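> Below you'll find protein-v2.txt; it's compact mmCIF, C-alpha atoms and all ligand atoms.
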# COMPACT_ATOMS: atom_id res chain seq x y z
CA MET L 1 62.44 -171.89 -58.57
CA SER L 2 60.16 -169.18 -57.35
CA ASP L 3 60.25 -166.94 -54.29
CA ALA L 4 56.48 -166.91 -53.70
CA TYR L 5 53.80 -169.58 -53.37
CA LEU L 6 50.04 -169.40 -52.99
CA ALA L 7 48.31 -172.54 -51.65
CA LEU L 8 44.59 -172.71 -52.40
CA GLU L 9 41.85 -174.64 -50.63
CA ASP L 10 41.13 -176.48 -53.90
CA GLY L 11 44.50 -178.25 -53.50
CA ARG L 12 46.57 -176.21 -55.97
CA VAL L 13 49.82 -174.44 -55.15
CA VAL L 14 50.51 -171.58 -57.58
CA GLU L 15 53.93 -169.98 -58.12
CA ALA L 16 54.29 -166.20 -58.23
CA ARG L 17 56.83 -163.42 -57.94
CA GLY L 18 57.43 -162.20 -54.39
CA ARG L 19 57.13 -158.40 -53.98
CA ALA L 20 56.91 -158.02 -50.20
CA PRO L 21 58.08 -160.87 -47.93
CA GLY L 22 56.27 -162.81 -45.24
CA ARG L 23 53.98 -165.75 -44.56
CA THR L 24 50.27 -165.39 -44.02
CA ARG L 25 46.80 -166.78 -44.67
CA GLY L 26 43.22 -165.62 -45.17
CA GLU L 27 40.03 -165.92 -47.19
CA LEU L 28 40.83 -165.28 -50.85
CA VAL L 29 38.64 -162.46 -52.22
CA PHE L 30 38.86 -160.13 -55.18
CA THR L 31 37.88 -156.70 -56.41
CA THR L 32 37.19 -155.85 -60.03
CA ALA L 33 37.70 -152.10 -59.43
CA TYR L 34 40.28 -150.56 -61.75
CA THR L 35 41.05 -147.60 -59.50
CA GLY L 36 40.88 -147.06 -55.74
CA TYR L 37 43.57 -149.47 -54.57
CA GLU L 38 44.58 -147.12 -51.72
CA GLU L 39 40.99 -146.99 -50.47
CA SER L 40 40.43 -150.75 -50.82
CA LEU L 41 43.68 -151.71 -49.14
CA THR L 42 42.86 -149.50 -46.13
CA ASP L 43 39.21 -150.64 -45.87
CA PRO L 44 38.90 -152.52 -42.53
CA SER L 45 36.24 -154.78 -44.10
CA TYR L 46 39.12 -156.79 -45.67
CA GLU L 47 40.59 -157.84 -42.29
CA GLU L 48 41.58 -161.57 -42.37
CA GLN L 49 41.19 -161.69 -46.15
CA VAL L 50 43.69 -161.83 -49.02
CA LEU L 51 42.79 -159.29 -51.69
CA THR L 52 43.26 -160.10 -55.38
CA PHE L 53 43.00 -157.20 -57.83
CA SER L 54 41.58 -158.37 -61.17
CA TYR L 55 42.70 -155.13 -62.85
CA PRO L 56 46.19 -155.99 -64.13
CA LEU L 57 48.30 -152.98 -63.08
CA ILE L 58 48.00 -151.71 -59.52
CA GLY L 59 49.85 -148.69 -58.14
CA ASN L 60 50.19 -146.57 -61.27
CA TYR L 61 49.11 -143.29 -59.65
CA GLY L 62 51.15 -143.64 -56.47
CA VAL L 63 50.23 -143.87 -52.80
CA ARG L 64 48.76 -140.87 -50.96
CA GLU L 65 47.61 -140.91 -47.36
CA GLU L 66 44.75 -138.48 -48.09
CA ARG L 67 43.03 -141.34 -49.85
CA PHE L 68 43.33 -143.86 -46.99
CA GLU L 69 40.13 -145.12 -45.35
CA SER L 70 41.91 -146.04 -42.09
CA ASP L 71 45.42 -145.90 -40.66
CA ARG L 72 46.74 -149.19 -42.06
CA ILE L 73 46.47 -151.88 -44.73
CA HIS L 74 43.85 -154.44 -43.67
CA PRO L 75 44.02 -157.42 -46.05
CA ARG L 76 46.60 -159.91 -44.77
CA ALA L 77 48.21 -160.01 -48.23
CA ALA L 78 47.69 -158.58 -51.71
CA ILE L 79 47.82 -160.15 -55.17
CA ALA L 80 47.93 -158.53 -58.62
CA ARG L 81 49.16 -159.25 -62.13
CA GLU L 82 51.67 -156.43 -61.61
CA PHE L 83 52.29 -154.09 -58.66
CA THR L 84 54.29 -150.88 -59.20
CA ASP L 85 57.33 -150.17 -57.01
CA ASP L 86 55.47 -147.36 -55.19
CA VAL L 87 52.79 -149.67 -53.90
CA VAL L 88 55.35 -152.39 -53.10
CA GLU L 89 57.24 -149.92 -50.90
CA TRP L 90 54.03 -149.35 -48.98
CA PHE L 91 53.49 -153.13 -48.51
CA GLU L 92 57.07 -153.50 -47.28
CA LYS L 93 56.73 -150.58 -44.87
CA GLU L 94 53.59 -152.11 -43.36
CA GLY L 95 54.94 -155.68 -43.40
CA VAL L 96 52.12 -156.96 -45.63
CA PRO L 97 53.15 -159.81 -47.99
CA ALA L 98 52.44 -159.16 -51.67
CA ILE L 99 52.82 -161.25 -54.81
CA ASP L 100 52.45 -160.58 -58.55
CA HIS L 101 53.27 -162.15 -61.93
CA ILE L 102 50.41 -164.56 -61.31
CA ASP L 103 47.35 -165.36 -63.44
CA THR L 104 44.76 -163.30 -61.53
CA ARG L 105 42.07 -164.11 -64.11
CA ASP L 106 42.48 -167.77 -63.19
CA LEU L 107 42.30 -167.00 -59.45
CA VAL L 108 39.17 -164.89 -59.73
CA THR L 109 37.53 -167.48 -61.99
CA ALA L 110 38.33 -170.20 -59.43
CA VAL L 111 36.71 -168.16 -56.61
CA ARG L 112 33.66 -167.40 -58.79
CA GLU L 113 33.22 -171.05 -59.80
CA GLU L 114 34.22 -172.85 -56.62
CA GLY L 115 33.16 -170.19 -54.09
CA ALA L 116 35.07 -168.34 -51.37
CA MET L 117 38.18 -170.27 -50.42
CA LYS L 118 40.96 -170.15 -47.85
CA CYS L 119 44.55 -169.66 -48.93
CA GLY L 120 48.09 -169.64 -47.56
CA ILE L 121 50.96 -167.50 -48.83
CA ALA L 122 54.74 -167.78 -48.41
CA VAL L 123 57.02 -165.09 -49.85
CA GLY L 124 60.82 -164.81 -49.50
CA ASP L 125 64.11 -166.23 -50.78
CA ASP L 126 63.70 -169.44 -48.80
CA ALA L 127 59.90 -169.81 -49.24
CA THR L 128 58.68 -173.29 -50.23
CA PRO L 129 55.33 -174.69 -51.42
CA GLU L 130 55.14 -176.54 -48.06
CA ASP L 131 55.32 -173.21 -46.19
CA ALA L 132 52.29 -171.96 -48.12
CA LYS L 133 50.44 -175.22 -47.43
CA GLU L 134 51.22 -174.93 -43.70
CA GLU L 135 49.72 -171.44 -43.67
CA LEU L 136 46.62 -172.75 -45.47
CA ALA L 137 46.27 -175.57 -42.90
CA GLN L 138 46.10 -172.93 -40.13
CA CYS L 139 43.63 -170.68 -41.95
CA LYS L 140 40.30 -170.18 -40.13
CA GLY L 141 36.94 -169.62 -41.84
CA MET L 142 35.65 -166.02 -41.65
CA SER L 143 32.92 -166.96 -39.15
CA GLU L 144 35.53 -168.42 -36.79
CA HIS L 145 37.11 -165.01 -36.25
CA THR L 146 34.83 -164.32 -33.32
CA ASP L 147 36.80 -161.32 -32.00
CA ILE L 148 37.32 -159.61 -35.34
CA GLY L 149 35.54 -156.44 -34.16
CA ALA L 150 38.28 -155.79 -31.58
CA GLN L 151 40.93 -156.08 -34.32
CA VAL L 152 39.53 -153.16 -36.29
CA SER L 153 37.53 -150.94 -33.93
CA THR L 154 38.61 -147.77 -32.16
CA VAL L 155 39.18 -148.29 -28.43
CA GLU L 156 38.40 -144.69 -27.52
CA HIS L 157 35.43 -142.46 -28.25
CA GLU L 158 36.62 -140.06 -30.98
CA THR L 159 34.60 -137.07 -32.16
CA TYR L 160 34.83 -135.64 -35.69
CA GLU L 161 33.15 -132.26 -35.83
CA GLY L 162 31.05 -131.27 -38.79
CA GLY L 163 29.21 -128.18 -37.55
CA GLY L 164 27.19 -129.54 -34.66
CA GLU L 165 23.84 -129.53 -36.43
CA THR L 166 23.25 -133.17 -35.48
CA ASP L 167 25.03 -135.82 -33.44
CA VAL L 168 25.59 -139.21 -35.03
CA ALA L 169 26.85 -142.11 -32.89
CA LEU L 170 28.83 -144.29 -35.31
CA VAL L 171 29.47 -147.74 -33.85
CA ASP L 172 32.87 -148.60 -35.31
CA CYS L 173 32.81 -152.21 -36.44
CA GLY L 174 35.62 -151.34 -38.90
CA ALA L 175 34.36 -148.01 -40.25
CA LYS L 176 35.66 -146.38 -43.42
CA MET L 177 36.59 -142.71 -42.90
CA SER L 178 34.52 -141.72 -45.92
CA ILE L 179 31.39 -142.50 -43.91
CA VAL L 180 32.54 -139.99 -41.27
CA ASP L 181 33.42 -137.46 -44.01
CA SER L 182 30.04 -137.85 -45.74
CA LEU L 183 28.22 -137.11 -42.45
CA ASN L 184 30.57 -134.24 -41.47
CA GLU L 185 30.01 -132.64 -44.88
CA ARG L 186 26.29 -132.57 -44.11
CA GLY L 187 26.73 -130.71 -40.82
CA ALA L 188 26.78 -133.67 -38.43
CA ASP L 189 29.23 -134.23 -35.58
CA VAL L 190 30.24 -137.88 -35.69
CA HIS L 191 31.06 -139.76 -32.49
CA VAL L 192 33.07 -142.84 -33.44
CA LEU L 193 32.53 -145.42 -30.71
CA PRO L 194 34.06 -148.83 -29.96
CA HIS L 195 32.28 -151.88 -31.45
CA ASP L 196 31.36 -153.07 -27.93
CA THR L 197 29.92 -149.78 -26.65
CA ASP L 198 27.21 -150.31 -24.03
CA ALA L 199 23.69 -148.88 -23.88
CA GLU L 200 24.52 -146.46 -21.03
CA THR L 201 27.15 -144.73 -23.16
CA ILE L 202 24.63 -144.22 -25.94
CA GLU L 203 22.05 -142.94 -23.46
CA GLU L 204 24.53 -140.39 -22.09
CA LEU L 205 25.50 -139.27 -25.59
CA ASP L 206 21.83 -138.99 -26.60
CA PRO L 207 22.56 -139.03 -30.36
CA ASP L 208 20.15 -137.99 -33.13
CA VAL L 209 21.09 -141.10 -35.15
CA LEU L 210 22.66 -144.43 -34.17
CA PHE L 211 24.73 -145.67 -37.12
CA ILE L 212 26.29 -149.15 -37.41
CA SER L 213 29.33 -149.12 -39.70
CA ASN L 214 30.68 -151.50 -42.30
CA GLY L 215 33.12 -154.12 -41.04
CA PRO L 216 34.86 -157.45 -41.60
CA GLY L 217 33.77 -161.05 -41.13
CA ASP L 218 30.50 -162.58 -40.06
CA PRO L 219 27.84 -160.16 -38.74
CA ALA L 220 26.84 -162.85 -36.21
CA ASN L 221 30.06 -162.03 -34.34
CA PHE L 222 29.04 -158.41 -33.66
CA THR L 223 26.75 -159.24 -30.76
CA GLU L 224 27.28 -156.00 -28.80
CA ALA L 225 26.32 -153.84 -31.80
CA GLN L 226 23.28 -156.06 -32.33
CA SER L 227 22.25 -155.55 -28.67
CA LEU L 228 22.46 -151.77 -29.11
CA VAL L 229 20.10 -151.95 -32.07
CA GLU L 230 17.68 -154.13 -30.09
CA GLU L 231 17.82 -151.63 -27.22
CA PHE L 232 17.34 -148.41 -29.19
CA VAL L 233 15.15 -149.36 -32.15
CA GLY L 234 12.08 -147.14 -32.25
CA GLU L 235 13.69 -144.65 -29.82
CA VAL L 236 16.61 -143.40 -31.90
CA PRO L 237 16.73 -143.37 -35.74
CA LEU L 238 18.98 -146.20 -36.97
CA ALA L 239 21.23 -146.40 -40.02
CA GLY L 240 23.68 -149.00 -41.29
CA ILE L 241 26.07 -149.69 -44.15
CA CYS L 242 27.08 -153.18 -45.31
CA LEU L 243 27.89 -155.08 -42.08
CA GLY L 244 25.70 -152.42 -40.44
CA GLN L 245 22.71 -153.49 -42.58
CA GLN L 246 23.37 -157.12 -41.68
CA VAL L 247 23.63 -156.43 -37.92
CA ILE L 248 20.46 -154.29 -37.93
CA ALA L 249 18.52 -156.95 -39.87
CA ARG L 250 19.60 -159.62 -37.39
CA ALA L 251 18.54 -157.42 -34.47
CA LEU L 252 15.10 -156.92 -36.03
CA GLY L 253 14.34 -160.61 -36.46
CA GLY L 254 16.06 -161.11 -39.81
CA THR L 255 18.72 -163.58 -40.91
CA THR L 256 22.11 -163.42 -42.62
CA GLU L 257 23.85 -166.03 -44.72
CA LYS L 258 27.17 -166.57 -46.47
CA MET L 259 27.15 -165.98 -50.23
CA ALA L 260 29.06 -168.15 -52.73
CA PHE L 261 31.69 -165.51 -53.47
CA GLY L 262 29.99 -162.22 -52.62
CA HIS L 263 29.58 -158.93 -54.45
CA ARG L 264 33.00 -157.47 -55.23
CA GLY L 265 33.52 -154.41 -57.39
CA VAL L 266 32.42 -150.87 -58.13
CA ASN L 267 29.82 -151.57 -60.82
CA GLN L 268 27.16 -153.57 -58.99
CA PRO L 269 23.72 -152.50 -60.29
CA VAL L 270 21.06 -151.81 -57.64
CA ARG L 271 17.38 -151.15 -58.37
CA ASP L 272 15.22 -149.02 -56.12
CA LEU L 273 11.84 -150.76 -55.96
CA ASN L 274 9.90 -147.51 -55.41
CA THR L 275 11.37 -145.44 -58.21
CA GLY L 276 12.61 -148.16 -60.58
CA LYS L 277 15.86 -146.25 -60.81
CA VAL L 278 19.08 -148.27 -61.13
CA VAL L 279 22.38 -146.98 -59.72
CA MET L 280 25.90 -148.39 -59.96
CA THR L 281 27.32 -149.16 -56.53
CA THR L 282 30.51 -150.15 -54.76
CA GLN L 283 30.35 -153.50 -52.99
CA ASN L 284 32.64 -155.68 -50.94
CA HIS L 285 30.77 -158.30 -48.95
CA GLY L 286 30.57 -162.06 -48.54
CA TYR L 287 27.44 -162.26 -46.38
CA THR L 288 23.93 -161.09 -47.22
CA VAL L 289 20.57 -160.56 -45.51
CA GLY L 290 18.22 -163.52 -46.12
CA GLU L 291 15.00 -162.79 -44.23
CA PRO L 292 14.65 -159.03 -43.59
CA GLY L 293 12.70 -159.40 -40.31
CA ASP L 294 10.75 -156.23 -39.44
CA LEU L 295 12.31 -154.31 -42.35
CA ASN L 296 11.04 -153.77 -45.89
CA VAL L 297 13.32 -154.55 -48.81
CA THR L 298 13.37 -151.29 -50.77
CA GLN L 299 16.34 -151.92 -53.07
CA VAL L 300 17.63 -155.12 -54.71
CA ASN L 301 20.69 -156.23 -56.64
CA VAL L 302 19.82 -156.46 -60.35
CA ASN L 303 22.06 -159.53 -60.83
CA ASP L 304 20.77 -161.77 -58.05
CA ASP L 305 17.84 -159.98 -56.33
CA THR L 306 19.53 -159.95 -52.90
CA ALA L 307 18.57 -157.17 -50.45
CA GLU L 308 20.54 -153.97 -51.07
CA GLY L 309 18.36 -151.53 -49.11
CA LEU L 310 16.16 -152.06 -46.05
CA GLU L 311 13.85 -149.56 -44.40
CA ASN L 312 11.16 -149.22 -41.79
CA ASP L 313 9.58 -145.77 -41.76
CA ASP L 314 7.63 -146.30 -38.53
CA LEU L 315 10.75 -147.33 -36.65
CA ASN L 316 13.00 -144.82 -38.49
CA VAL L 317 15.49 -147.37 -39.85
CA ILE L 318 17.38 -147.14 -43.15
CA THR L 319 20.26 -149.37 -44.29
CA ARG L 320 22.31 -150.18 -47.38
CA GLN L 321 24.25 -153.32 -48.25
CA TYR L 322 26.47 -151.42 -50.70
CA HIS L 323 28.79 -148.49 -49.95
CA PRO L 324 27.03 -145.13 -50.60
CA GLU L 325 30.18 -143.36 -49.36
CA ALA L 326 32.04 -144.75 -52.43
CA HIS L 327 35.84 -144.41 -52.12
CA PRO L 328 36.41 -146.28 -54.28
CA GLY L 329 33.62 -146.16 -56.82
CA PRO L 330 30.72 -144.05 -58.06
CA ASN L 331 29.12 -141.23 -56.03
CA ASP L 332 25.62 -142.00 -57.37
CA SER L 333 24.14 -142.95 -54.00
CA LEU L 334 25.58 -140.26 -51.70
CA ASP L 335 22.01 -139.05 -51.11
CA PHE L 336 21.69 -141.94 -48.66
CA PHE L 337 23.39 -139.66 -46.12
CA ASP L 338 20.75 -136.97 -46.71
CA ASP L 339 18.10 -139.60 -45.99
CA VAL L 340 19.90 -140.71 -42.81
CA LEU L 341 20.07 -137.16 -41.45
CA GLY L 342 16.53 -136.56 -42.71
CA MET L 343 15.38 -139.12 -40.11
CA ALA L 344 16.74 -136.70 -37.48
CA GLY L 345 14.70 -133.87 -39.01
CA VAL L 346 17.62 -132.27 -40.81
CA ASP L 347 17.36 -131.02 -44.37
CA ALA L 348 20.86 -132.00 -45.46
CA GLY L 349 20.32 -130.66 -48.95
CA GLY L 350 19.33 -133.76 -50.89
CA ASP L 351 17.94 -133.38 -54.41
CA GLU L 352 14.60 -134.99 -53.76
CA PRO L 353 12.79 -136.28 -50.66
CA ARG L 354 12.95 -139.97 -49.91
CA VAL L 355 9.94 -141.93 -51.11
CA ALA L 356 8.57 -144.01 -48.27
CA ALA L 357 8.39 -147.76 -48.90
CA SER L 358 4.66 -147.81 -48.19
CA ASP L 359 3.75 -144.95 -50.58
N1 LIG U 401 32.06 -154.20 -46.37
C1 LIG U 401 31.46 -154.79 -45.36
O1 LIG U 401 30.99 -154.16 -44.41
C2 LIG U 401 31.44 -156.29 -45.38
C3 LIG U 401 30.40 -156.90 -44.47
C4 LIG U 401 30.68 -158.35 -44.10
N2 LIG U 401 31.94 -158.49 -43.48
C5 LIG U 401 30.57 -159.24 -45.32
O2 LIG U 401 31.54 -159.75 -45.80
O3 LIG U 401 29.48 -159.43 -45.81
Starting from the file, lay out its structure as structure tokens.

Amino acid sequence: MSDAYLALEDGRVVEARGRAPGRTRGELVFTTAYTGYEESLTDPSYEEQVLTFSYPLIGNYGVREERFESDRIHPRAAIAREFTDDVVEWFEKEGVPAIDHIDTRDLVTAVREEGAMKCGIAVGDDATPEDAKEELAQCKGMSEHTDIGAQVSTVEHETYEGGGETDVALVDCGAKMSIVDSLNERGADVHVLPHDTDAETIEELDPDVLFISNGPGDPANFTEAQSLVEEFVGEVPLAGICLGQQVIARALGGTTEKMAFGHRGVNQPVRDLNTGKVVMTTQNHGYTVGEPGDLNVTQVNVNDDTAEGLENDDLNVITRQYHPEAHPGPNDSLDFFDDVLGMAGVDAGGDEPRVAASD
């Protein structure tokens, strides 16, 4: 007898130990990061997903709000080989089901071999395998969550002051706070705006940069953000991270597609095609840009050659598929934020000037 069951789309039902009760469902994803569980769990990009940690012990340095990327846990449930009591308390407080004492190596291998899959979870004294299967039966595909932006976005315009040197309009499709921090630290005031902000609001704000944030689900469902890009491209410098890159590419005639299982960890190697330099990056995405449209591919993933950086110097557009803001992960690509503010004519103190794609 167990008190936790995980039903997988491949037909298996796996027993586990229940740590925080509840029933839920989502797309099963993983991260191979061995630190940064507070940041990952509060990253809005994981909305409607179930996060499996491949590192075996999660929670061993406690839970501190200073490290949160948003105000709540976003994955619908969490899975590890072993969660500490500290982190379990947090799951219980937020009502997020969690399970451990499960073979996470097997789960991650299944996702890597069979591709992204749906799952259902049932945790509690009276939980049964059928409960988990019922959850699985109700699980939608990521693209079917058409209103996912509203689940994660701010509803009000919020301003985070960073010295007033520049004004960045950050369209919040599920933004991580580290993006705001990275811009504030470089002297920019950041205006965090709802995902469905209209063109008039942007016109009134008259920002120096229009920035589309990271976010959950299928970029095709962020139609309002895409319209803003179509409206302002060429007039206002544009930047984007992860979902932001995907939305901007779609707006500029490009395409996006679902990957087999995505890029998931903090050691994804990215090569800059101009300099040849390779940096380690943090990644957490299941979609990728196929055709880049009016953008040039300036950086690629060393493992599979997918587009990691897109730019158009004439139109003043620069985007990244990975997370330059880190949290979790390496700080090697923080200079992206210097380049973003550089488009607005600000010398934000970067080490070296950006090399244009056409040079
Ligand atoms: N971290 C992100 O912004 C993820 C982008 C998008 N939801 C994807 O899965 O590809």
> What box, with edges along x, y and z, holds each listed atom of region 65-80 of chain L when 4 Å is added on every side, and can you state its centre and edge lengths in Å to one decimal, as AutoDock Vina command-line options?

--center_x 44.2 --center_y -149.3 --center_z -49.6 --size_x 16.1 --size_y 29.7 --size_z 26.0
> Quick one: residues within 6 Å of ligand LIG 401 (chain U), with all atoms listed in the file, as a ChimeraX atom specification?
/L:45,214-218,242-243,284-288
> Report the closest atom pair, with its distance in Å rounded to one decimal, for each residue of region 276-337 of chain L that has an atom no farther than 12 Å from region 197-212 of chain L; count all atoms listed in the file, sort by chain and then rising residue number, and write it as JSON lines.

{"residue": "L:Asn316", "atom": "CA", "partner": "L:Val209", "partner_atom": "CA", "distance": 9.5}
{"residue": "L:Val317", "atom": "CA", "partner": "L:Leu210", "partner_atom": "CA", "distance": 9.6}
{"residue": "L:Ile318", "atom": "CA", "partner": "L:Phe211", "partner_atom": "CA", "distance": 9.6}
{"residue": "L:Thr319", "atom": "CA", "partner": "L:Ile212", "partner_atom": "CA", "distance": 9.2}
{"residue": "L:Arg320", "atom": "CA", "partner": "L:Ile212", "partner_atom": "CA", "distance": 10.8}
{"residue": "L:Gln321", "atom": "CA", "partner": "L:Ile212", "partner_atom": "CA", "distance": 11.8}
{"residue": "L:Phe337", "atom": "CA", "partner": "L:Phe211", "partner_atom": "CA", "distance": 10.9}
> Write the residues of the selection above to a file with C-alpha atoms, as a PDB file, keeping the file's coordinate frame.

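In the end it all went to selection.pdb:
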ATOM      1  CA  ASN L 316      13.000-144.820 -38.490  1.00  0.00           C
ATOM      2  CA  VAL L 317      15.490-147.370 -39.850  1.00  0.00           C
ATOM      3  CA  ILE L 318      17.380-147.140 -43.150  1.00  0.00           C
ATOM      4  CA  THR L 319      20.260-149.370 -44.290  1.00  0.00           C
ATOM      5  CA  ARG L 320      22.310-150.180 -47.380  1.00  0.00           C
ATOM      6  CA  GLN L 321      24.250-153.320 -48.250  1.00  0.00           C
ATOM      7  CA  PHE L 337      23.390-139.660 -46.120  1.00  0.00           C
TER       8      PHE L 337
END
> Determine, counting all atoms listed in the file, which protein, DNA and RNA residues have an atom within 8 Å of an atom of region 291-302 of chain L; residues of the same chain fewer than 4 positions away are not included. Present the result as a list of chain:residue names.
L:Ala249, L:Arg250, L:Leu252, L:Gly253, L:Gly254, L:Thr255, L:Thr256, L:Gln268, L:Pro269, L:Val270, L:Arg271, L:Asp272, L:Leu273, L:Asn274, L:Thr306, L:Ala307, L:Glu308, L:Gly309, L:Leu310, L:Glu311, L:Asn312, L:Ala357
> Which of these residues is nearest to Trp90 (chain L), using only C-alpha atoms: L:Cys139, L:Met117, L:Ala20, L:Val236?
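Between L:Cys139, L:Met117, L:Ala20, L:Val236, the residue approaching Trp90 (chain L) most closely is L:Ala20.
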> Identify which of the residues L:Tyr160, L:Tyr322, L:Phe222, L:Phe232 lies closest to Thr282 (chain L), counting only C-alpha atoms when measuring atom-to-atom distances.
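Among the listed residues, L:Tyr322 lies closest to Thr282 (chain L).
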